[in-house]
file model_24.cif (mmCIF, C-alpha atoms)
data_final
#
loop_
_atom_site.group_PDB
_atom_site.id
_atom_site.type_symbol
_atom_site.label_atom_id
_atom_site.label_comp_id
_atom_site.auth_asym_id
_atom_site.auth_seq_id
_atom_site.Cartn_x
_atom_site.Cartn_y
_atom_site.Cartn_z
ATOM 1 C CA MET A 10 96.920 84.806 109.421
ATOM 2 C CA THR A 11 98.981 85.101 112.595
ATOM 3 C CA PRO A 12 101.005 88.190 113.560
ATOM 4 C CA GLU A 13 104.213 86.309 112.675
ATOM 5 C CA ARG A 14 103.066 85.647 109.083
ATOM 6 C CA THR A 15 101.410 87.611 106.310
ATOM 7 C CA HIS A 16 100.141 86.175 103.040
ATOM 8 C CA GLY A 17 101.841 82.879 103.873
ATOM 9 C CA LYS A 18 105.254 84.481 104.384
ATOM 10 C CA SER A 19 107.114 85.302 107.558
ATOM 11 C CA LEU A 20 107.335 88.989 108.402
ATOM 12 C CA GLU A 21 111.063 88.806 107.618
ATOM 13 C CA GLU A 22 110.369 87.347 104.155
ATOM 14 C CA HIS A 23 107.647 89.906 103.514
ATOM 15 C CA GLY A 24 109.974 92.736 104.568
ATOM 16 C CA LYS A 25 112.728 91.497 102.265
ATOM 17 C CA ILE A 26 110.347 91.368 99.301
ATOM 18 C CA VAL A 27 109.157 94.925 99.945
ATOM 19 C CA ARG A 28 112.669 96.267 100.614
ATOM 20 C CA ASP A 29 114.158 94.625 97.506
ATOM 21 C CA GLY A 30 111.216 95.704 95.378
ATOM 22 C CA TYR A 31 111.530 99.364 96.327
ATOM 23 C CA GLY A 32 115.269 99.137 95.753
ATOM 24 C CA LYS A 33 114.612 98.038 92.176
ATOM 25 C CA ILE A 34 111.929 100.620 91.373
ATOM 26 C CA ALA A 35 113.251 103.569 93.398
ATOM 27 C CA ARG A 36 113.757 105.977 90.478
ATOM 28 C CA GLU A 37 110.480 105.135 88.733
ATOM 29 C CA TYR A 38 108.526 105.293 91.992
ATOM 30 C CA TYR A 39 110.068 108.650 92.832
ATOM 31 C CA GLN A 40 109.040 110.103 89.483
ATOM 32 C CA ASP A 41 105.378 109.242 90.228
ATOM 33 C CA ARG A 42 105.555 110.247 93.909
ATOM 34 C CA ASP A 43 103.261 113.249 93.587
ATOM 35 C CA ALA A 44 100.537 111.198 91.922
ATOM 36 C CA PHE A 45 98.454 111.338 95.119
ATOM 37 C CA GLY A 46 98.110 114.914 96.352
ATOM 38 C CA ASN A 47 97.771 114.836 100.125
ATOM 39 C CA GLU A 48 99.383 118.129 101.065
ATOM 40 C CA ARG A 49 96.160 119.465 102.603
ATOM 41 C CA GLU A 50 95.862 116.531 105.008
ATOM 42 C CA ILE A 51 99.521 116.778 105.960
ATOM 43 C CA ALA A 52 99.192 120.527 106.599
ATOM 44 C CA GLU A 53 96.198 119.816 108.856
ATOM 45 C CA PHE A 54 98.272 117.275 110.797
ATOM 46 C CA LEU A 55 101.196 119.680 111.152
ATOM 47 C CA ALA A 56 98.907 122.361 112.578
ATOM 48 C CA PHE A 57 98.561 120.217 115.715
ATOM 49 C CA LEU A 58 102.322 120.098 116.330
ATOM 50 C CA PRO A 59 104.508 122.576 118.210
ATOM 51 C CA ASP A 60 106.495 125.064 116.161
ATOM 52 C CA GLY A 61 109.882 123.581 115.305
ATOM 53 C CA GLY A 62 108.781 120.124 116.458
ATOM 54 C CA VAL A 63 110.512 116.893 115.510
ATOM 55 C CA VAL A 64 108.543 114.840 112.990
ATOM 56 C CA LEU A 65 109.305 111.335 111.732
ATOM 57 C CA ASP A 66 108.186 110.232 108.281
ATOM 58 C CA ILE A 67 107.938 106.439 108.222
ATOM 59 C CA GLY A 68 108.807 105.159 104.774
ATOM 60 C CA CYS A 69 110.171 108.523 103.696
ATOM 61 C CA GLY A 70 111.300 107.178 100.346
ATOM 62 C CA ALA A 71 113.017 109.853 98.278
ATOM 63 C CA SER A 72 111.910 112.523 100.810
ATOM 64 C CA ILE A 73 109.638 114.387 98.413
ATOM 65 C CA PRO A 74 107.144 115.767 99.210
ATOM 66 C CA ILE A 75 106.898 115.027 102.954
ATOM 67 C CA LEU A 76 110.374 115.767 104.337
ATOM 68 C CA ARG A 77 110.654 118.784 102.057
ATOM 69 C CA MET A 78 107.290 120.049 103.335
ATOM 70 C CA LEU A 79 108.381 119.519 106.952
ATOM 71 C CA LEU A 80 111.609 121.443 106.441
ATOM 72 C CA ASP A 81 109.888 124.227 104.523
ATOM 73 C CA ASN A 82 107.537 124.637 107.508
ATOM 74 C CA GLU A 83 110.505 124.796 109.916
ATOM 75 C CA PHE A 84 110.053 121.401 111.528
ATOM 76 C CA ILE A 85 112.948 119.140 112.352
ATOM 77 C CA ALA A 86 112.505 116.372 109.804
ATOM 78 C CA LYS A 87 113.513 112.764 110.268
ATOM 79 C CA GLY A 88 112.855 110.079 107.719
ATOM 80 C CA ILE A 89 113.208 106.325 108.005
ATOM 81 C CA ASP A 90 113.140 103.872 105.132
ATOM 82 C CA PHE A 91 114.495 100.384 104.716
ATOM 83 C CA SER A 92 115.204 100.772 101.009
ATOM 84 C CA LYS A 93 118.764 101.889 100.318
ATOM 85 C CA GLY A 94 117.736 102.921 96.795
ATOM 86 C CA MET A 95 115.066 105.272 98.100
ATOM 87 C CA LEU A 96 117.404 106.774 100.699
ATOM 88 C CA GLU A 97 120.049 107.443 98.060
ATOM 89 C CA LEU A 98 117.480 109.598 96.267
ATOM 90 C CA ALA A 99 116.496 111.215 99.560
ATOM 91 C CA LYS A 100 120.104 112.241 100.241
ATOM 92 C CA LYS A 101 120.097 114.135 96.960
ATOM 93 C CA ASN A 102 116.740 115.800 97.602
ATOM 94 C CA VAL A 103 116.919 116.781 101.271
ATOM 95 C CA HIS A 104 120.280 117.584 102.799
ATOM 96 C CA GLU A 105 118.898 119.106 105.997
ATOM 97 C CA GLY A 106 116.829 116.184 107.245
ATOM 98 C CA GLU A 107 118.032 113.221 109.260
ATOM 99 C CA LEU A 108 117.756 110.052 107.202
ATOM 100 C CA ILE A 109 117.678 106.675 108.907
ATOM 101 C CA HIS A 110 118.224 103.395 107.081
ATOM 102 C CA GLY A 111 116.212 100.817 108.935
ATOM 103 C CA ASP A 112 112.978 99.007 109.634
ATOM 104 C CA VAL A 113 110.746 101.177 111.812
ATOM 105 C CA THR A 114 109.376 98.076 113.566
ATOM 106 C CA LYS A 115 112.895 97.294 114.756
ATOM 107 C CA THR A 116 114.173 100.800 115.432
ATOM 108 C CA ASP A 117 114.100 102.297 118.906
ATOM 109 C CA PHE A 118 113.505 105.990 119.342
ATOM 110 C CA GLU A 119 114.203 107.768 122.569
ATOM 111 C CA GLU A 120 111.069 108.297 124.620
ATOM 112 C CA ARG A 121 109.398 111.647 123.886
ATOM 113 C CA SER A 122 111.927 112.447 121.164
ATOM 114 C CA LEU A 123 109.258 112.904 118.494
ATOM 115 C CA ASP A 124 106.437 115.409 118.368
ATOM 116 C CA GLY A 125 104.737 113.759 115.432
ATOM 117 C CA VAL A 126 104.887 110.642 113.300
ATOM 118 C CA LEU A 127 103.340 110.149 109.894
ATOM 119 C CA SER A 128 103.374 107.616 107.128
ATOM 120 C CA THR A 129 101.637 108.343 103.880
ATOM 121 C CA TYR A 130 102.518 105.331 101.760
ATOM 122 C CA ALA A 131 104.506 102.845 103.837
ATOM 123 C CA ILE A 132 101.843 102.189 106.449
ATOM 124 C CA ILE A 133 100.422 99.404 104.286
ATOM 125 C CA HIS A 134 103.684 97.478 104.702
ATOM 126 C CA ILE A 135 103.788 97.630 108.486
ATOM 127 C CA HIS A 136 102.349 94.674 110.391
#
call {"tool": "encode", "arguments": {"input": "model_24.cif", "output": "structure tokens"}}
result
Amino acid sequence: MTPERTHGKSLEEHGKIVRDGYGKIAREYYQDRDAFGNEREIAEFLAFLPDGGVVLDIGCGASIPILRMLLDNEFIAKGIDFSKGMLELAKKNVHEGELIHGDVTKTDFEERSLDGVLSTYAIIHIH
């Protein structure tokens, strides 16, 4: 497998499959979102960040629980997801966070603009 291909598909094809799939299952996926409790690990991560820091959640999905947890702990929350269906749910759940529709591998962030970056579920889709 070369960096340009994964499981016989180009990275673009793979991304489209993932993006379209999450678009189709957004509501069902959101309903099961808390199936894997990882709040303790996230709290441990946040303890290393400056108060009020800017944190990016890669693959934020419907924004629950991560963006909500960030905002509740007074961080500036940013979420990026390439599924429009998931971001539509996120807009309903978290009004205060900044939501970005895009592919994190193709999105530029200003240097030193983030204090922390995390990805709890989407990391498996990033090549």
call {"tool": "resolve_selection", "arguments": {"input": "model_24.cif", "expression": "the PyMOL selection byres ((chain A and resi 96) around 10)", "output": "list in words"}}
result
Gly32, Ala35, Gly68, Cys69, Gly70, Ala71, Ser72, Gly88, Ile89, Asp90, Phe91, Ser92, Lys93, Gly94, Met95, Glu97, Leu98, Ala99, Lys100, Lys101, Asn102, Leu108, Ile109 and His110 of chain A
call {"tool": "residues_near_point", "arguments": {"input": "model_24.cif", "point": "(102.3, 107.6, 110.4)", "cutoff": "10 Å", "atoms": "all atoms listed in the file", "output": "NGL selection string"}}
result
:A and (64-68 or 125-132)
call {"tool": "resolve_selection", "arguments": {"input": "model_24.cif", "expression": "the PyMOL selection byres ((chain A and resi 82) around 12)", "output": "NGL selection string"}}
result
:A and (51-52 or 55-56 or 58-64 or 75-81 or 83-86)
call {"tool": "atom_distance", "arguments": {"input": "model_24.cif", "atom1": "CA of Glu119 (chain A)", "atom2": "CA of Lys87 (chain A)"}}
result
13.3 Å
call {"tool": "atom_distance", "arguments": {"input": "model_24.cif", "atom1": "CA of Asn47 (chain A)", "atom2": "CA of Pro74 (chain A)"}}
result
9.5 Å
call {"tool": "atom_distance", "arguments": {"input": "model_24.cif", "atom1": "CA of Glu48 (chain A)", "atom2": "CA of Asp124 (chain A)"}}
result
18.9 Å
